[in-house]
Amino acid sequence: MLKRAIVPAITVFALSTASAVRAQTIPGASPDSTAALSRGEWPAYAGTYAAARYSPLAQIDRTNAKDLRVVWRWKSPDHAIKDGNPKVGPTRANESTPVMVGGTLYTSTTLSQVAAIDAETGKTKWVFDPKVYENGLGIPANDGWLHRGVAYWRNGDDGRVVILTAFAHMIALDAKTGKPVPTFGSNGWVDLAQGLRRPFGRNYYTMTSPPVIVRDVIVVGSSVWDWWGQRPSPPGDVRGFDIRTGRLLWTFNTVPQAGEPGVETWEKDSWKEAGNANVWAPMSADQELG
């Protein structure tokens, strides 16, 4: 059977002429993200924390879309790794949506790498490779080698890119250098397979989407098998972590536990073994309400 691979790459289009950027107010967006959008930035997975999925830029419209031309293409570093190590396994597709801040694109790759790319030229500024494909666990759960993007946070000169890897690690990188932030977690890493209410096999638990960062809290979901691959099943709980330190702040149990509202609806004490009920997709948040 002939199989077609979808090449992980980024293609950027531009117009031969540029018009002025028009600032508009985006419903549901925080003031900071609205200002960023008006500058041509895309600081969150869906543009704003509220997932507006809208840009106020007015350069491209129905009258000139036909004039778009390819300016540059960027090839993912995944290619070199997979060419040198076929045991890494197949890549289904590149589903990453880059964020763009200050003229730099930040994107994940299917192998949970992070790259910073000059938005004007397409040149790679840096690549961080956590090498999660070397841990001997094979293909990640659910969607395998697939990743949808990263989150960005800044406070003054402190800019950070956060990725949740395919084998459940959270890593905070210095946006300028691509190096792990030493004061975050353990030298930049937090093991997300730890700290839940029961142990489980790491090959049943993964992350494919970026977190959402709201009020300096990294809100983290997970991707868990939708069937009983392991009993008890890994919890699909949602957790909040401090963006500066990586410290766990809170956990929301998606399956209620003893003493919590609704636990009585889980017959035969099935709440003790049920997991799943997870948030695998990108999330939105209300910056004003927190």
# chains A, B, ... in the order shown; residues from 1 in each chain; ligands from 1
>>> residues_around(residues="Val101 of chain A", least_positions_apart="4", cutoff="7 Å", atoms="only C-alpha atoms", output="VMD selection string")
chain A and resid 41 to 43 105
>>> residues_around(residues="segment 260-272 of chain A", least_positions_apart="4", cutoff="8 Å", atoms="only C-alpha atoms", output="ChimeraX atom specification")
/A:232,255-256
>>> write_last_selection(atoms="N, CA, C and O atoms", output="mmCIF file, in the first residue's frame")
data_model
loop_
_atom_site.group_PDB
_atom_site.id
_atom_site.type_symbol
_atom_site.label_atom_id
_atom_site.label_comp_id
_atom_site.auth_asym_id
_atom_site.auth_seq_id
_atom_site.Cartn_x
_atom_site.Cartn_y
_atom_site.Cartn_z
ATOM 1 N N PRO A 232 -6.733 0.655 37.300
ATOM 2 C CA PRO A 232 -7.625 1.785 37.040
ATOM 3 C C PRO A 232 -7.064 2.697 35.950
ATOM 4 O O PRO A 232 -5.863 2.672 35.675
ATOM 5 N N VAL A 255 -13.398 13.516 37.529
ATOM 6 C CA VAL A 255 -14.267 12.496 38.125
ATOM 7 C C VAL A 255 -14.285 12.771 39.623
ATOM 8 O O VAL A 255 -13.245 12.712 40.273
ATOM 9 N N PRO A 256 -15.444 13.112 40.210
ATOM 10 C CA PRO A 256 -15.481 13.491 41.622
ATOM 11 C C PRO A 256 -14.966 12.380 42.523
ATOM 12 O O PRO A 256 -15.176 11.193 42.257
#
>>> select_by_dssp(residues="segment 66-179 of chain A", states="helix (DSSP H, G or I)", output="ChimeraX atom specification")
/A:66-67,78-84,86-88,132-134
>>> residues_around(residues="Lys87 of chain A", least_positions_apart="2", cutoff="12 Å", atoms="only C-alpha atoms", output="PDB file with all heavy atoms, in the first residue's frame")
ATOM      1  N   ILE A  81      15.837  13.971  12.457  1.00  0.00           N
ATOM      2  CA  ILE A  81      15.794  12.969  13.522  1.00  0.00           C
ATOM      3  C   ILE A  81      15.220  11.661  13.004  1.00  0.00           C
ATOM      4  O   ILE A  81      15.761  10.576  13.234  1.00  0.00           O
ATOM      5  CB  ILE A  81      14.969  13.489  14.711  1.00  0.00           C
ATOM      6  CG1 ILE A  81      15.690  14.660  15.374  1.00  0.00           C
ATOM      7  CG2 ILE A  81      14.712  12.376  15.729  1.00  0.00           C
ATOM      8  CD1 ILE A  81      14.888  15.367  16.426  1.00  0.00           C
ATOM      9  N   LYS A  82      14.113  11.746  12.277  1.00  0.00           N
ATOM     10  CA  LYS A  82      13.464  10.529  11.796  1.00  0.00           C
ATOM     11  C   LYS A  82      14.289   9.858  10.709  1.00  0.00           C
ATOM     12  O   LYS A  82      14.304   8.629  10.599  1.00  0.00           O
ATOM     13  CB  LYS A  82      12.056  10.858  11.294  1.00  0.00           C
ATOM     14  CG  LYS A  82      11.134  11.336  12.420  1.00  0.00           C
ATOM     15  CD  LYS A  82       9.788  11.780  11.910  1.00  0.00           C
ATOM     16  CE  LYS A  82       8.948  10.607  11.493  1.00  0.00           C
ATOM     17  NZ  LYS A  82       8.661   9.707  12.618  1.00  0.00           N
ATOM     18  N   ASP A  83      14.985  10.637   9.899  1.00  0.00           N
ATOM     19  CA  ASP A  83      15.858  10.041   8.887  1.00  0.00           C
ATOM     20  C   ASP A  83      17.003   9.274   9.534  1.00  0.00           C
ATOM     21  O   ASP A  83      17.451   8.251   9.022  1.00  0.00           O
ATOM     22  CB  ASP A  83      16.417  11.130   7.972  1.00  0.00           C
ATOM     23  CG  ASP A  83      15.360  11.726   7.061  1.00  0.00           C
ATOM     24  OD1 ASP A  83      14.279  11.117   6.935  1.00  0.00           O
ATOM     25  OD2 ASP A  83      15.616  12.804   6.495  1.00  0.00           O
ATOM     26  N   GLY A  84      17.480   9.780  10.680  1.00  0.00           N
ATOM     27  CA  GLY A  84      18.591   9.133  11.358  1.00  0.00           C
ATOM     28  C   GLY A  84      18.182   8.038  12.316  1.00  0.00           C
ATOM     29  O   GLY A  84      19.014   7.252  12.758  1.00  0.00           O
ATOM     30  N   ASN A  85      16.894   7.968  12.630  1.00  0.00           N
ATOM     31  CA  ASN A  85      16.413   6.982  13.602  1.00  0.00           C
ATOM     32  C   ASN A  85      15.014   6.520  13.208  1.00  0.00           C
ATOM     33  O   ASN A  85      14.015   6.995  13.762  1.00  0.00           O
ATOM     34  CB  ASN A  85      16.409   7.580  15.006  1.00  0.00           C
ATOM     35  CG  ASN A  85      16.044   6.568  16.072  1.00  0.00           C
ATOM     36  OD1 ASN A  85      15.886   5.376  15.793  1.00  0.00           O
ATOM     37  ND2 ASN A  85      15.881   7.027  17.303  1.00  0.00           N
ATOM     38  N   GLY A  89       9.333   6.007  14.645  1.00  0.00           N
ATOM     39  CA  GLY A  89       7.959   5.695  14.263  1.00  0.00           C
ATOM     40  C   GLY A  89       7.348   6.775  13.398  1.00  0.00           C
ATOM     41  O   GLY A  89       7.903   7.865  13.237  1.00  0.00           O
ATOM     42  N   PRO A  90       6.176   6.505  12.839  1.00  0.00           N
ATOM     43  CA  PRO A  90       5.565   7.425  11.867  1.00  0.00           C
ATOM     44  C   PRO A  90       5.029   8.697  12.505  1.00  0.00           C
ATOM     45  O   PRO A  90       4.650   8.725  13.668  1.00  0.00           O
ATOM     46  CB  PRO A  90       4.419   6.597  11.283  1.00  0.00           C
ATOM     47  CG  PRO A  90       4.066   5.633  12.377  1.00  0.00           C
ATOM     48  CD  PRO A  90       5.359   5.307  13.065  1.00  0.00           C
ATOM     49  N   THR A  91       5.024   9.745  11.716  1.00  0.00           N
ATOM     50  CA  THR A  91       4.411  11.013  12.092  1.00  0.00           C
ATOM     51  C   THR A  91       3.161  11.191  11.264  1.00  0.00           C
ATOM     52  O   THR A  91       3.196  11.095  10.042  1.00  0.00           O
ATOM     53  CB  THR A  91       5.374  12.177  11.832  1.00  0.00           C
ATOM     54  OG1 THR A  91       6.533  12.003  12.654  1.00  0.00           O
ATOM     55  CG2 THR A  91       4.725  13.503  12.174  1.00  0.00           C
ATOM     56  N   TYR A 133      11.653  11.089  22.546  1.00  0.00           N
ATOM     57  CA  TYR A 133      11.573   9.881  21.712  1.00  0.00           C
ATOM     58  C   TYR A 133      12.652   8.867  22.086  1.00  0.00           C
ATOM     59  O   TYR A 133      12.660   7.751  21.557  1.00  0.00           O
ATOM     60  CB  TYR A 133      11.702  10.256  20.232  1.00  0.00           C
ATOM     61  CG  TYR A 133      12.834  11.196  19.932  1.00  0.00           C
ATOM     62  CD1 TYR A 133      14.128  10.721  19.746  1.00  0.00           C
ATOM     63  CD2 TYR A 133      12.622  12.564  19.857  1.00  0.00           C
ATOM     64  CE1 TYR A 133      15.180  11.579  19.498  1.00  0.00           C
ATOM     65  CE2 TYR A 133      13.663  13.433  19.601  1.00  0.00           C
ATOM     66  CZ  TYR A 133      14.942  12.946  19.425  1.00  0.00           C
ATOM     67  OH  TYR A 133      15.981  13.803  19.175  1.00  0.00           O
ATOM     68  N   GLU A 134      13.548   9.225  22.998  1.00  0.00           N
ATOM     69  CA  GLU A 134      14.620   8.319  23.403  1.00  0.00           C
ATOM     70  C   GLU A 134      14.323   7.580  24.707  1.00  0.00           C
ATOM     71  O   GLU A 134      15.207   6.932  25.258  1.00  0.00           O
ATOM     72  CB  GLU A 134      15.938   9.089  23.548  1.00  0.00           C
ATOM     73  CG  GLU A 134      16.484   9.630  22.231  1.00  0.00           C
ATOM     74  CD  GLU A 134      17.823  10.329  22.402  1.00  0.00           C
ATOM     75  OE1 GLU A 134      18.222  10.544  23.572  1.00  0.00           O
ATOM     76  OE2 GLU A 134      18.460  10.648  21.384  1.00  0.00           O
ATOM     77  N   GLY A 136      12.394   5.001  25.308  1.00  0.00           N
ATOM     78  CA  GLY A 136      12.130   3.572  25.207  1.00  0.00           C
ATOM     79  C   GLY A 136      10.678   3.168  25.309  1.00  0.00           C
ATOM     80  O   GLY A 136      10.371   1.974  25.376  1.00  0.00           O
ATOM     81  N   LEU A 137       9.751   4.125  25.305  1.00  0.00           N
ATOM     82  CA  LEU A 137       8.330   3.812  25.443  1.00  0.00           C
ATOM     83  C   LEU A 137       7.624   3.642  24.100  1.00  0.00           C
ATOM     84  O   LEU A 137       6.449   3.298  24.055  1.00  0.00           O
ATOM     85  CB  LEU A 137       7.629   4.909  26.255  1.00  0.00           C
ATOM     86  CG  LEU A 137       8.040   5.010  27.724  1.00  0.00           C
ATOM     87  CD1 LEU A 137       7.419   6.245  28.362  1.00  0.00           C
ATOM     88  CD2 LEU A 137       7.631   3.757  28.485  1.00  0.00           C
ATOM     89  N   GLY A 138       8.330   3.916  23.021  1.00  0.00           N
ATOM     90  CA  GLY A 138       7.714   3.727  21.704  1.00  0.00           C
ATOM     91  C   GLY A 138       6.854   4.903  21.295  1.00  0.00           C
ATOM     92  O   GLY A 138       7.184   6.062  21.546  1.00  0.00           O
ATOM     93  N   ILE A 139       5.694   4.595  20.699  1.00  0.00           N
ATOM     94  CA  ILE A 139       4.791   5.627  20.195  1.00  0.00           C
ATOM     95  C   ILE A 139       3.920   6.150  21.339  1.00  0.00           C
ATOM     96  O   ILE A 139       3.372   5.367  22.111  1.00  0.00           O
ATOM     97  CB  ILE A 139       3.898   5.070  19.070  1.00  0.00           C
ATOM     98  CG1 ILE A 139       4.760   4.461  17.968  1.00  0.00           C
ATOM     99  CG2 ILE A 139       3.000   6.173  18.499  1.00  0.00           C
ATOM    100  CD1 ILE A 139       5.675   5.437  17.294  1.00  0.00           C
TER     101      ILE A 139
END
>>> atom_distance(atom1="atom CA of Gly236 of chain A", atom2="atom CA of Val219 of chain A")
13.0 Å
>>> closest_residue(among="A:Ser96, A:Gln287, A:Gln230, A:Ser76", to="His147 of chain A", atoms="only C-alpha atoms")
A:Ser96
>>> closest_residue(among="A:Val150, A:Met170, A:Ile243, A:Leu192", to="Ser209 of chain A", atoms="only C-alpha atoms")
A:Val150
>>> atom_distance(atom1="atom CA of Glu120 of chain A", atom2="atom CA of Ser108 of chain A")
18.6 Å
>>> closest_residue(among="A:Ile163, A:Val224, A:Val114, A:Val70", to="Asn278 of chain A", atoms="only C-alpha atoms")
A:Val224
